[in-house]
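Visitor: Dropping a structure here in structure tokens format, bear with me for questions.
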Amino acid sequence: MTAAPEDYQARAVEVLCRHRLGRRDHWSVGSGYLVTSDLVLTARHNIQPAEVPHPAGPVLLLVRFVHEREYEAHVVALGREPDDDIALIRIGDDGYRPRDLAVVRFATIDRATTHSVTGCWAVGFPRFKEVGGTTTTAAKRDSAHLEGVIPPGADLRRGLHEFRVTSMPASLAGTGTAASPWQGISGTLVFTQDGASSLAVGVITEHHLPAGTSSLTLVPVTRLSPVGLDGTSAVWELLGVSDPEGLPRMPSGSTLVPTGGEATPTRVKLSRFLADFSGREDEFVRISRILRRDPVRGSPVIVLYGMGGVGKTSLANHIGHLMASDYPYARVLVDLGGQGAEDMSLSAAVQQIFQAFGVPDSKIPGSLQARARLLQALYQEGRTLLILDNATLVQQVEVLLPQEPGPTASIITSRSPLPGLDGVRRIHLRPLPSSKALAMLTEFVDDETVLRDQDSVARLVRLTGGLPLALRIVAATINGPMMEDQPLRVLVERLEDRGHLLTHLEGGDRGVRASLEVSYQNLDADVASCFRAMGIIPGTTFTTDLVAAATEVDGSSAYARITALLDAQLLETTPQPDRFRMHDLVRLYAEEKAAMLDPAPVRDGVLRRVVQWYVVMSRVSLTPPSSPHRPSAAALAWFSEENLNVMAVLAKARDIGEWDQVAALAEALRPLLWYRRQWEELERTENWAVEAASRRERTRSELDALIQLAEARRKAGRPEEAEALYERAVELARAEHDEELEGWVLTHYGDLFCDLGQPEVALGRYESALALFEAIGDIGRQIWLSAHFIDALRQVGRPEEAIAVAARALDLAVEPAQTVWVRWHVALAECDLGRYDEAEDSLLVSVDHHREVRDDAGLAHMLLLLGEVRAAAGRAASAHEALTEALAAAERVKVPRMTRQINEDLAALRDGRPLRDAITYKSDL
């Protein structure tokens with residue numbers, strides 16, 4: 001009996017499809033075979049039965065495994081022609097956890113020969129294997145193992161194949177029954193043997209009764225459409241086939257004549273197979289496709305590189321196990337020693353390979369040249385997978401690789417991409433994304449009930465940074481006696497102690513710290529010093545210029561050190577050019593090394609240089625063409641890249657008491673945070689600015705920061721926390737004997753009372769401010785104040801007086817910006833009185849102005865108000881037009897609050913609901 005691949009028990013499935021026929025459901029049941037981790041080949045009529053009117057699709061499509069678990073699926077591709085009875089479906093159920101399975105290899109039947117293809121086999125679920133079942137429960141079908149031959153000359157006209165099985169249901173023999181007990185076998189994938197490899201050639205589609213009880217019809221796998229039902233999917237690429245026209249033709253020489261005697265034992269030197277290995281399905285598919293390319297391309301070589309603990313060796317070893325049928329002659333893993341120990345000598349590595357191939361010591365030549373010739377000869381003897389593990393240098397692997405095209409493929413694992421090694425394919429193995437890390441942790445943990453605490457599980461995944469080594473150590477801790485009867489949050493709290501996280505991520509003879517130490521110890525001294533400095537730079541990303549400033553070197557030297565750290569997998573690139581990041585655990589390790597090796601003055605010096613660099617760079621928001629209320633495009637672009645970093649640097653500057661730098665950074669961030677409406681960040685920044693001004697005894701700076709802090713709390717929806725700040729600001733302004741400053745403070749103080757629903761009190765503050773501005777003859781401040789009067793008068797229900805205030809202010813205005821300021825405020829008062837045409841005209845003036853000066857944030861605000869005024873007037877179509885343009889402008893400047901409000905307005909407009917009550921005195925966002 002021909003041996004089937006060891007994983008067929010996990011691949012042979014039933015395909016169940018429910019269709020609606022009139023008022024009842026119709027179920028069809030067939031077979032299928034899992035050809036990748038989630039793709040199943042089956043017969044088309046299993047999912048589109050003839051009795052179901054076309055093009056009715058399935059109501060429910062299920063894949064049932066031998067263990068009887070069922071998962072929903074959907075159709076990916078059908079046959080090339082409507083009569084091609086073959087289909088590809090994908091398991092898409094959220095509860096399905098795909099295993100790492102080798103992609104099935106395919107072949108075609110050679111019609112040019114008269115030799116039958118022997119050694120064919122299949123596993124399916126025919127009707128005659130039904131077991132159990134009662135009057136109240138349905139019978140279940142067990143699997144049947146079929147063996148037989150494929151004669152190449154059968155069914156030439158239809159382009160199909162005949163599969164003559166050597167066994168058949170006893171009830172069929174000589175009966176000529178019209179209802180075949182082979183029902184259900186359709187969709188079964190038929191394999192033939194090529195040496196130790198199993199190759200899929202076709203799908204069983206029917207039992208043609210006149211041809212005999214042992215004759216089943218096959219549709220060749222090549223009849224599958226190359227394009228999926230979505231019109232874009234490259235089906236054969238999904239199956240790991242680069243050229244379906246170049247599939248092997250069967251029969252091959254190995255199946256024509258039995259060889260007799262015992263088969264040559266497979267030469268296998270791999271580490272133990274890990275049944276719980278998961279999370280690398282995409283990488284496995286990519287690597288298997290590269291390895292299965294047409295042999296005329298030569299012996300493929302893959303460099304699998306990544307940081308320590310990312311699972312390079314485990315993946316390469318797993319591939320060695322799963323691709324056993326692809327490499328039946330030999331699969332050999334050679335540990336080259338890596339960076340953690342002394343590198344293995346070349347002769348010792350060659351000796352490992354000879355031993356794996358079974359070469360006796362007496363046959364190993366003495367000279368290096370003769371050994372090299374023998375090594376290359378071994379690589380030509382049969383399909384071999386060579387894994388060179390833990391390589392550090394090109395010289396280590398160059399002489400061990402196949403030198404001529406042939407049947408041997410190679411995988412090299414290294415922390416370095418080995419850039420000096422030509423003619424290879426490089427695959428960067430990165431830490432797992434959160435979803436896959438979560439799935440991996442779930443796979444590792446013995447007691448699934450522990451994982452019901454989803455919040456703790458998510459925090460564990462975040463703490464490990466998706467590093468497989470860290471995930472395995474965490475899982476071992478969960479499974480061990482220390483966590484017995486303990487809730488998962490206990491472990492989370494332990495790991496969230498940042499100072500001891502790396503210590504907790506140690507288990508037995510392995511640990512994250514030890515893995516990173518291997519890479520660190522191989523760094524040159526200047527690169528190691530740069531690495532430690534980067535570990536204490538606040539923020540999440542670095543640029544070359546920042547690293548140069550932090551380490552006091554020129555840009556080219558900094559770039560060289562960054563390149564060395566990238567090569568050592570201690571630094572990562574980001575999608576943005578010249579921007580790099582450290583994995584969280586690597587950063588923690590770098591910080592730990594800095595604390596251990598660098599004196600406090602050295603570390604403080606790095607921080608001060610970083611803070612000063614950000615002070616200089618942030619000045620882009622204060623220099624032309626930036627203005628206090630409208631940062632330049634360059635300033636906004638810089639802030640988009642550095643937002644998180646500069647806020648972290650500001651916090652660190654405050655921690656180390658760099659008060660001058662705190663004040664400078666707060667001043668530079670102020671217009672950016674206002675423009676982007678980041679009120680929480682503005683509050684935090686201004687809080688530190690108040691502290692910095694107080695410590696530096698800078699009254700005017702403290703007053704400015706107090707007002708900005710109060711405004712931030714107002715905007716954040718906590719006006720009640722701002723009153724004491726305004727009182728302190730008024731006190732400081734009067735002590736300075738500055739009427740203009742006092743009036744400015746009183747105006748903002750009045751705004752607070754509008755927020756608190758006390759507009760009459762607000763008007764009193766505005767009157768006091770107006771008196772001060774008139775006393776010093778400040779026309780600009782009077783115009784600015786008029787808008788605040790307008791808002792308060794609208795709030796007390798006196799819109800006519802608000803319009804009168806606006807008229808007086810417009811008479812004073814001389815600058816376009818002053819006119820715009822008054823017009824958009826008075827537009828809301830005009831709307832209150834139902835004077836929608838006048839309100840729209842006033843807002844259109846403001847819209848045109850903001851377009852002209854290219855102020856997207858202001859433009860979005862004006863268009864939002866215009867859309868709401870038009871909606872109030874019952875002009876839904878033009879309101880939608882304005883709001884749509886407002887949304888585009890808000891998204892350009894990334895203002896989440898405004899974007900959210902515009903989307904809410906658009907949704908209300910579509911549903912015919914009233915828009916927000918936005919055109920009140922609180923008219924800005």
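By convention in this document, the chains of the structure tokens carry letters A, B, ... by their order, each chain's residues are numbered from 1, and ligands are numbered from 1 in the order they are shown.
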Neighbouring residues of stretch 702-717 of chain A were defined as those with any atom within 6 Å, considering only C-alpha atoms; residues of the same chain fewer than 4 positions away were excluded. Please report them as a PyMOL selection string.
Guide: chain A and resi 679+683+686+689-690+693+722+725+729
Visitor: Let's have the selection written as a short mmCIF file (atom, residue, chain, number, x, y, z; two decimals), in the first residue's frame, with all heavy atoms.
Guide:
```
data_model
loop_
_atom_site.label_atom_id
_atom_site.label_comp_id
_atom_site.auth_asym_id
_atom_site.auth_seq_id
_atom_site.Cartn_x
_atom_site.Cartn_y
_atom_site.Cartn_z
N TRP A 679 -6.62 69.42 22.58
CA TRP A 679 -6.82 70.14 23.83
C TRP A 679 -6.16 69.44 25.02
O TRP A 679 -5.63 70.10 25.92
CB TRP A 679 -8.31 70.36 24.08
CG TRP A 679 -9.04 70.98 22.93
CD1 TRP A 679 -10.21 70.54 22.38
CD2 TRP A 679 -8.68 72.17 22.21
NE1 TRP A 679 -10.59 71.37 21.34
CE2 TRP A 679 -9.67 72.38 21.21
CE3 TRP A 679 -7.62 73.06 22.27
CZ2 TRP A 679 -9.64 73.43 20.32
CZ3 TRP A 679 -7.58 74.13 21.37
CH2 TRP A 679 -8.57 74.31 20.42
N GLU A 683 -3.40 71.20 27.30
CA GLU A 683 -3.52 71.37 28.75
C GLU A 683 -2.26 70.89 29.47
O GLU A 683 -1.74 71.57 30.36
CB GLU A 683 -4.74 70.60 29.26
CG GLU A 683 -4.92 70.73 30.77
CD GLU A 683 -6.09 69.92 31.29
OE1 GLU A 683 -6.76 69.23 30.49
OE2 GLU A 683 -6.33 69.98 32.50
N GLU A 686 0.66 73.38 28.72
CA GLU A 686 0.55 74.68 29.39
C GLU A 686 0.68 74.54 30.90
O GLU A 686 1.16 75.45 31.58
CB GLU A 686 -0.77 75.35 29.02
CG GLU A 686 -0.93 75.65 27.53
CD GLU A 686 0.14 76.59 26.99
OE1 GLU A 686 0.87 77.22 27.79
OE2 GLU A 686 0.26 76.70 25.76
N ALA A 689 4.19 74.66 31.32
CA ALA A 689 4.68 76.01 31.02
C ALA A 689 4.44 76.95 32.21
O ALA A 689 5.28 77.81 32.52
CB ALA A 689 3.99 76.55 29.78
N VAL A 690 3.31 76.81 32.90
CA VAL A 690 3.04 77.60 34.10
C VAL A 690 4.08 77.30 35.16
O VAL A 690 4.65 78.21 35.80
CB VAL A 690 1.61 77.31 34.64
CG1 VAL A 690 1.43 77.93 36.01
CG2 VAL A 690 0.56 77.84 33.67
N ALA A 693 7.45 78.86 34.14
CA ALA A 693 7.47 80.32 34.32
C ALA A 693 7.58 80.69 35.79
O ALA A 693 8.29 81.63 36.17
CB ALA A 693 6.23 80.93 33.69
N ALA A 722 -11.33 76.24 35.43
CA ALA A 722 -10.54 77.34 34.86
C ALA A 722 -10.67 78.65 35.63
O ALA A 722 -9.85 79.55 35.47
CB ALA A 722 -10.94 77.56 33.40
N LEU A 725 -7.75 79.96 37.59
CA LEU A 725 -6.64 80.34 36.72
C LEU A 725 -6.82 81.76 36.20
O LEU A 725 -5.86 82.54 36.15
CB LEU A 725 -6.54 79.36 35.55
CG LEU A 725 -6.28 77.88 35.90
CD1 LEU A 725 -6.36 77.01 34.66
CD2 LEU A 725 -4.90 77.74 36.56
N ALA A 729 -4.59 85.12 36.74
CA ALA A 729 -4.09 85.86 35.59
C ALA A 729 -4.45 87.35 35.69
O ALA A 729 -3.63 88.22 35.38
CB ALA A 729 -4.66 85.27 34.30
#
```
Visitor: With a distance cut-off of 8 Å and only C-alpha atoms, select the neighbouring residues of A:Ile473, excluding the residue or stretch itself and same-chain residues fewer than 2 positions from it, and output the selection as a tab-separated table (two decimals) with C-alpha atoms, in the first residue's frame.
Guide:
```
chain	number	residue	atom	x	y	z
A	469	LEU	CA	10.58	33.92	22.45
A	470	ALA	CA	8.92	36.24	24.97
A	471	LEU	CA	5.50	34.73	24.22
A	475	ALA	CA	3.12	30.90	28.27
A	476	ALA	CA	5.51	28.65	30.21
A	477	THR	CA	5.00	30.88	33.26
A	505	LEU	CA	11.14	37.20	30.53
A	506	GLU	CA	13.71	34.56	31.40
A	507	GLY	CA	13.03	30.88	31.64
A	511	GLY	CA	15.66	34.64	27.92
```
Visitor: I'd like the interatomic distance between atom CA of A:His19 and atom CA of A:Gln48, to a tenth of an Å.
Guide: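 Going from atom CA of A:His19 over to atom CA of A:Gln48 covers 8.7 Å.
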Visitor: Which residues are close to A:Thr222, i.e. within 10 Å by only C-alpha atoms, leaving aside same-chain residues fewer than 5 positions away? Reply as a ChimeraX atom specification.
Guide: /A:79-80,86,106-108,201-202,236,244-245,247
Visitor: What does the distance from atom CA of A:Pro601 to atom CA of A:Glu517 come to in Å, to one decimal?
Guide: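 Computed distance, atom CA of A:Pro601 to atom CA of A:Glu517, equals 24.5 Å.
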Visitor: Need to verify the contact set: stretch 154-162 of chain A, 8 Å, only C-alpha atoms, exclusion of same-chain residues closer than 5 positions in sequence. Can you return it as a PDB file with all heavy atoms, in the first residue's frame?
Guide:
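Done, and the output landed in around_26.pdb:
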```pdb
ATOM      1  N   SER A 215     -14.451   2.422 -11.529  1.00  0.00           N
ATOM      2  CA  SER A 215     -13.992   3.541 -12.344  1.00  0.00           C
ATOM      3  C   SER A 215     -14.599   4.860 -11.840  1.00  0.00           C
ATOM      4  O   SER A 215     -15.822   5.028 -11.838  1.00  0.00           O
ATOM      5  CB  SER A 215     -14.385   3.328 -13.806  1.00  0.00           C
ATOM      6  OG  SER A 215     -14.012   4.435 -14.592  1.00  0.00           O
ATOM      7  N   LEU A 216     -13.723   5.765 -11.442  1.00  0.00           N
ATOM      8  CA  LEU A 216     -14.142   7.094 -11.004  1.00  0.00           C
ATOM      9  C   LEU A 216     -13.523   8.134 -11.935  1.00  0.00           C
ATOM     10  O   LEU A 216     -12.421   7.931 -12.463  1.00  0.00           O
ATOM     11  CB  LEU A 216     -13.691   7.361  -9.565  1.00  0.00           C
ATOM     12  CG  LEU A 216     -14.225   6.390  -8.509  1.00  0.00           C
ATOM     13  CD1 LEU A 216     -13.566   6.657  -7.163  1.00  0.00           C
ATOM     14  CD2 LEU A 216     -15.737   6.499  -8.397  1.00  0.00           C
ATOM     15  N   THR A 217     -14.239   9.224 -12.162  1.00  0.00           N
ATOM     16  CA  THR A 217     -13.779  10.257 -13.090  1.00  0.00           C
ATOM     17  C   THR A 217     -13.053  11.370 -12.347  1.00  0.00           C
ATOM     18  O   THR A 217     -13.519  11.830 -11.294  1.00  0.00           O
ATOM     19  CB  THR A 217     -14.969  10.849 -13.866  1.00  0.00           C
ATOM     20  OG1 THR A 217     -15.631   9.794 -14.564  1.00  0.00           O
ATOM     21  CG2 THR A 217     -14.504  11.910 -14.861  1.00  0.00           C
ATOM     22  N   LEU A 218     -11.917  11.800 -12.919  1.00  0.00           N
ATOM     23  CA  LEU A 218     -11.120  12.886 -12.350  1.00  0.00           C
ATOM     24  C   LEU A 218     -11.151  14.095 -13.272  1.00  0.00           C
ATOM     25  O   LEU A 218     -11.060  13.947 -14.498  1.00  0.00           O
ATOM     26  CB  LEU A 218      -9.646  12.482 -12.203  1.00  0.00           C
ATOM     27  CG  LEU A 218      -9.222  11.429 -11.206  1.00  0.00           C
ATOM     28  CD1 LEU A 218      -7.712  11.318 -11.225  1.00  0.00           C
ATOM     29  CD2 LEU A 218      -9.682  11.806  -9.830  1.00  0.00           C
ATOM     30  N   VAL A 219     -11.251  15.299 -12.685  1.00  0.00           N
ATOM     31  CA  VAL A 219     -11.000  16.520 -13.449  1.00  0.00           C
ATOM     32  C   VAL A 219      -9.598  16.984 -13.080  1.00  0.00           C
ATOM     33  O   VAL A 219      -9.241  17.050 -11.896  1.00  0.00           O
ATOM     34  CB  VAL A 219     -12.049  17.609 -13.150  1.00  0.00           C
ATOM     35  CG1 VAL A 219     -12.079  17.970 -11.689  1.00  0.00           C
ATOM     36  CG2 VAL A 219     -11.801  18.844 -13.990  1.00  0.00           C
ATOM     37  N   PRO A 220      -8.735  17.249 -14.061  1.00  0.00           N
ATOM     38  CA  PRO A 220      -7.355  17.655 -13.737  1.00  0.00           C
ATOM     39  C   PRO A 220      -7.326  18.950 -12.934  1.00  0.00           C
ATOM     40  O   PRO A 220      -8.168  19.841 -13.123  1.00  0.00           O
ATOM     41  CB  PRO A 220      -6.708  17.845 -15.119  1.00  0.00           C
ATOM     42  CG  PRO A 220      -7.575  17.088 -16.071  1.00  0.00           C
ATOM     43  CD  PRO A 220      -8.965  17.159 -15.519  1.00  0.00           C
TER      44      PRO A 220
END
```
Visitor: Would you please give, as number ranges by chain, all residues of stretch 654-698 of chain A that DSSP assigns to helix (DSSP H, G or I) based on the backbone?
Guide: A: 654-655, 659-675, 679-696
Visitor: For the residues in the current selection, export C-alpha atoms as a short mmCIF file (atom, residue, chain, number, x, y, z; two decimals), in the first residue's frame.
Guide:
```cif
data_model
loop_
_atom_site.label_atom_id
_atom_site.label_comp_id
_atom_site.auth_asym_id
_atom_site.auth_seq_id
_atom_site.Cartn_x
_atom_site.Cartn_y
_atom_site.Cartn_z
CA ARG A 654 10.30 68.78 32.89
CA ASP A 655 11.45 65.67 34.79
CA TRP A 659 12.84 74.85 32.76
CA ASP A 660 14.14 77.16 30.02
CA GLN A 661 13.73 74.35 27.53
CA VAL A 662 10.28 73.47 28.88
CA ALA A 663 9.18 77.06 28.31
CA ALA A 664 10.68 77.15 24.81
CA LEU A 665 9.09 73.87 23.74
CA ALA A 666 5.69 74.87 25.18
CA GLU A 667 5.81 78.16 23.28
CA ALA A 668 6.63 76.37 20.01
CA LEU A 669 3.97 73.69 20.50
CA ARG A 670 1.21 76.16 21.39
CA PRO A 671 0.18 77.19 17.83
CA LEU A 672 0.46 73.60 16.59
CA LEU A 673 -1.75 72.18 19.33
CA TRP A 674 -4.30 74.96 18.87
CA TYR A 675 -4.39 74.44 15.12
CA TRP A 679 -6.82 70.14 23.83
CA GLU A 680 -5.61 67.41 26.19
CA GLU A 681 -2.02 67.79 24.97
CA LEU A 682 -2.36 71.59 25.13
CA GLU A 683 -3.52 71.37 28.75
CA ARG A 684 -0.57 69.18 29.71
CA THR A 685 1.88 71.44 27.88
CA GLU A 686 0.55 74.68 29.39
CA ASN A 687 0.46 73.16 32.85
CA TRP A 688 4.21 72.55 32.56
CA ALA A 689 4.68 76.01 31.02
CA VAL A 690 3.04 77.60 34.10
CA GLU A 691 5.37 75.61 36.33
CA ALA A 692 8.40 76.61 34.25
CA ALA A 693 7.47 80.32 34.32
CA SER A 694 6.90 80.26 38.08
CA ARG A 695 10.26 78.59 38.74
CA ARG A 696 11.98 81.08 36.42
#
```
Visitor: Mind checking which residues fall within 10 Å of A:Val445, counting only C-alpha atoms, ignoring those fewer than 3 positions away in the same chain, and posting them as a short mmCIF file (atom, residue, chain, number, x, y, z; two decimals) with all heavy atoms, in the first residue's frame?
Guide:
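The resulting file, around_0.cif, is reproduced below:
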```cif
data_model
loop_
_atom_site.label_atom_id
_atom_site.label_comp_id
_atom_site.auth_asym_id
_atom_site.auth_seq_id
_atom_site.Cartn_x
_atom_site.Cartn_y
_atom_site.Cartn_z
N ASP A 276 2.92 22.94 18.36
CA ASP A 276 2.19 24.17 18.64
C ASP A 276 2.73 25.37 17.87
O ASP A 276 2.35 26.51 18.14
CB ASP A 276 2.19 24.46 20.14
CG ASP A 276 3.60 24.66 20.71
OD1 ASP A 276 4.58 24.56 19.93
OD2 ASP A 276 3.71 24.93 21.92
N MET A 440 -0.90 33.02 18.88
CA MET A 440 0.22 32.18 19.30
C MET A 440 0.17 31.92 20.80
O MET A 440 0.35 30.79 21.26
CB MET A 440 1.54 32.85 18.93
CG MET A 440 2.78 32.08 19.38
SD MET A 440 4.35 32.84 18.89
CE MET A 440 4.44 32.28 17.19
N LEU A 441 -0.08 32.97 21.58
CA LEU A 441 -0.15 32.79 23.03
C LEU A 441 -1.28 31.84 23.38
O LEU A 441 -1.13 30.97 24.26
CB LEU A 441 -0.37 34.15 23.71
CG LEU A 441 -0.39 34.15 25.23
CD1 LEU A 441 0.93 33.64 25.79
CD2 LEU A 441 -0.69 35.54 25.77
N THR A 442 -2.40 31.95 22.71
CA THR A 442 -3.53 31.06 22.94
C THR A 442 -3.14 29.61 22.65
O THR A 442 -3.53 28.68 23.36
CB THR A 442 -4.72 31.47 22.07
OG1 THR A 442 -5.06 32.83 22.35
CG2 THR A 442 -5.93 30.60 22.33
N GLU A 448 -7.23 26.90 28.52
CA GLU A 448 -7.83 27.99 27.76
C GLU A 448 -8.71 28.87 28.63
O GLU A 448 -8.96 30.03 28.29
CB GLU A 448 -8.65 27.44 26.59
CG GLU A 448 -7.79 26.78 25.51
CD GLU A 448 -8.59 26.40 24.29
OE1 GLU A 448 -9.79 26.71 24.26
OE2 GLU A 448 -8.02 25.78 23.38
N THR A 449 -9.18 28.36 29.76
CA THR A 449 -10.04 29.18 30.62
C THR A 449 -9.25 30.37 31.18
O THR A 449 -9.83 31.41 31.50
CB THR A 449 -10.60 28.35 31.79
OG1 THR A 449 -9.50 27.84 32.57
CG2 THR A 449 -11.42 27.19 31.26
N VAL A 450 -7.93 30.20 31.30
CA VAL A 450 -7.10 31.30 31.80
C VAL A 450 -7.22 32.51 30.88
O VAL A 450 -7.14 33.66 31.32
CB VAL A 450 -5.63 30.85 31.92
CG1 VAL A 450 -4.72 32.02 32.28
CG2 VAL A 450 -5.50 29.74 32.94
N LEU A 451 -7.41 32.25 29.59
CA LEU A 451 -7.39 33.32 28.60
C LEU A 451 -8.72 34.06 28.47
O LEU A 451 -8.87 34.90 27.59
CB LEU A 451 -6.99 32.73 27.24
CG LEU A 451 -5.62 32.03 27.22
CD1 LEU A 451 -5.36 31.40 25.88
CD2 LEU A 451 -4.51 33.00 27.59
N LEU A 471 6.82 35.36 24.11
CA LEU A 471 5.50 34.73 24.22
C LEU A 471 5.62 33.32 24.77
O LEU A 471 4.81 32.90 25.61
CB LEU A 471 4.83 34.71 22.85
CG LEU A 471 4.31 36.06 22.33
CD1 LEU A 471 4.01 35.98 20.84
CD2 LEU A 471 3.06 36.49 23.10
N ARG A 472 6.64 32.57 24.34
CA ARG A 472 6.81 31.21 24.85
C ARG A 472 7.15 31.23 26.35
O ARG A 472 6.67 30.40 27.12
CB ARG A 472 7.91 30.49 24.08
CG ARG A 472 7.44 29.93 22.74
CD ARG A 472 8.33 28.81 22.25
NE ARG A 472 7.85 28.24 21.00
CZ ARG A 472 6.94 27.27 20.92
NH1 ARG A 472 6.43 26.77 22.04
NH2 ARG A 472 6.56 26.82 19.75
N VAL A 474 6.34 33.59 28.53
CA VAL A 474 5.12 33.99 29.25
C VAL A 474 4.17 32.80 29.34
O VAL A 474 3.60 32.54 30.41
CB VAL A 474 4.45 35.18 28.54
CG1 VAL A 474 3.02 35.38 29.05
CG2 VAL A 474 5.25 36.45 28.76
N ALA A 475 4.02 32.06 28.25
CA ALA A 475 3.12 30.90 28.27
C ALA A 475 3.63 29.84 29.24
O ALA A 475 2.84 29.22 29.97
CB ALA A 475 3.00 30.31 26.87
N ALA A 476 4.95 29.63 29.27
CA ALA A 476 5.51 28.65 30.21
C ALA A 476 5.25 29.08 31.66
O ALA A 476 4.97 28.24 32.53
CB ALA A 476 7.01 28.50 29.97
N THR A 477 5.30 30.38 31.92
CA THR A 477 5.00 30.88 33.26
C THR A 477 3.54 30.64 33.60
O THR A 477 3.20 30.22 34.70
CB THR A 477 5.32 32.38 33.35
OG1 THR A 477 6.69 32.60 33.00
CG2 THR A 477 5.07 32.91 34.75
N ILE A 478 2.65 30.91 32.64
CA ILE A 478 1.21 30.69 32.87
C ILE A 478 0.94 29.22 33.15
O ILE A 478 0.13 28.86 34.02
CB ILE A 478 0.40 31.18 31.65
CG1 ILE A 478 0.53 32.69 31.49
CG2 ILE A 478 -1.07 30.77 31.78
CD1 ILE A 478 -0.10 33.22 30.21
N ASN A 479 1.64 28.33 32.41
CA ASN A 479 1.41 26.90 32.56
C ASN A 479 2.09 26.32 33.80
O ASN A 479 1.79 25.19 34.20
CB ASN A 479 1.93 26.15 31.33
CG ASN A 479 1.16 26.51 30.06
OD1 ASN A 479 0.00 26.89 30.12
ND2 ASN A 479 1.81 26.40 28.91
#
```
Visitor: Excluding stretch 317-323 of chain A and residues on its chain fewer than 4 positions from it, collect all residues at most 8 Å away from it, counting only C-alpha atoms, and give them as a ChimeraX atom specification.
Guide: /A:100-102,270-271,273-274,277,284,313,327,331,333,385,387
Visitor: Write to file, as a short mmCIF file (atom, residue, chain, number, x, y, z; two decimals), in the first residue's frame, the residues of the selection just made, with N, CA, C and O atoms.
Guide:
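Dumped to selection_24.cif:
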```cif
data_model
loop_
_atom_site.label_atom_id
_atom_site.label_comp_id
_atom_site.auth_asym_id
_atom_site.auth_seq_id
_atom_site.Cartn_x
_atom_site.Cartn_y
_atom_site.Cartn_z
N ASP A 100 0.06 25.26 10.45
CA ASP A 100 1.13 25.39 9.47
C ASP A 100 1.22 24.08 8.70
O ASP A 100 1.74 23.08 9.20
N LEU A 101 0.67 24.06 7.50
CA LEU A 101 0.70 22.88 6.66
C LEU A 101 1.47 23.19 5.39
O LEU A 101 1.37 24.29 4.85
N ALA A 102 2.22 22.21 4.92
CA ALA A 102 2.93 22.41 3.66
C ALA A 102 1.90 22.58 2.54
O ALA A 102 0.84 21.95 2.53
N LEU A 270 17.18 17.28 11.86
CA LEU A 270 16.43 18.46 12.24
C LEU A 270 16.18 18.43 13.74
O LEU A 270 16.31 17.38 14.38
N SER A 271 15.82 19.57 14.28
CA SER A 271 15.38 19.60 15.67
C SER A 271 13.97 19.03 15.78
O SER A 271 13.28 18.84 14.77
N PHE A 273 10.10 18.39 16.03
CA PHE A 273 8.94 19.08 15.47
C PHE A 273 8.10 19.69 16.59
O PHE A 273 7.81 19.02 17.59
N LEU A 274 7.72 20.98 16.45
CA LEU A 274 6.92 21.66 17.46
C LEU A 274 5.47 21.69 16.99
O LEU A 274 5.12 22.43 16.06
N PHE A 277 3.64 25.13 16.93
CA PHE A 277 4.19 26.25 16.16
C PHE A 277 3.07 26.93 15.37
O PHE A 277 2.26 26.28 14.73
N PHE A 284 5.60 31.15 5.71
CA PHE A 284 5.76 29.79 5.21
C PHE A 284 5.34 29.69 3.74
O PHE A 284 6.04 29.08 2.92
N THR A 313 15.14 30.23 13.68
CA THR A 313 15.50 28.81 13.70
C THR A 313 14.25 27.94 13.75
O THR A 313 14.15 26.93 13.05
N TYR A 327 11.47 17.39 -0.25
CA TYR A 327 12.89 17.08 -0.14
C TYR A 327 13.06 15.68 0.45
O TYR A 327 13.46 15.51 1.62
N ARG A 331 17.17 16.29 4.56
CA ARG A 331 16.84 17.57 5.18
C ARG A 331 17.79 17.74 6.37
O ARG A 331 17.70 16.98 7.34
N LEU A 333 19.92 20.31 9.11
CA LEU A 333 20.12 21.58 9.79
C LEU A 333 21.50 21.57 10.43
O LEU A 333 21.82 20.67 11.22
N LEU A 385 17.11 19.71 1.36
CA LEU A 385 16.96 21.02 1.99
C LEU A 385 18.07 21.19 3.00
O LEU A 385 18.17 20.41 3.97
N ILE A 387 19.75 23.62 5.78
CA ILE A 387 19.49 24.77 6.66
C ILE A 387 20.78 25.11 7.39
O ILE A 387 21.29 24.30 8.18
#
```
Visitor: Please provide as a ChimeraX atom specification all residues within 10 Å of A:Leu421, with the sequence filter that same-chain residues fewer than 4 positions apart are discarded (counting only C-alpha atoms).
Guide: /A:303,393-395,397-398,417,425
Visitor: From the set A:Gly535, A:Ser529, A:Met250, A:Phe128, which residue has the shortest atom-to-atom contact distance to A:Arg111, counting only C-alpha atoms?
Guide: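 Going through A:Gly535, A:Ser529, A:Met250, A:Phe128 one by one, the smallest distance to A:Arg111 is for A:Met250.
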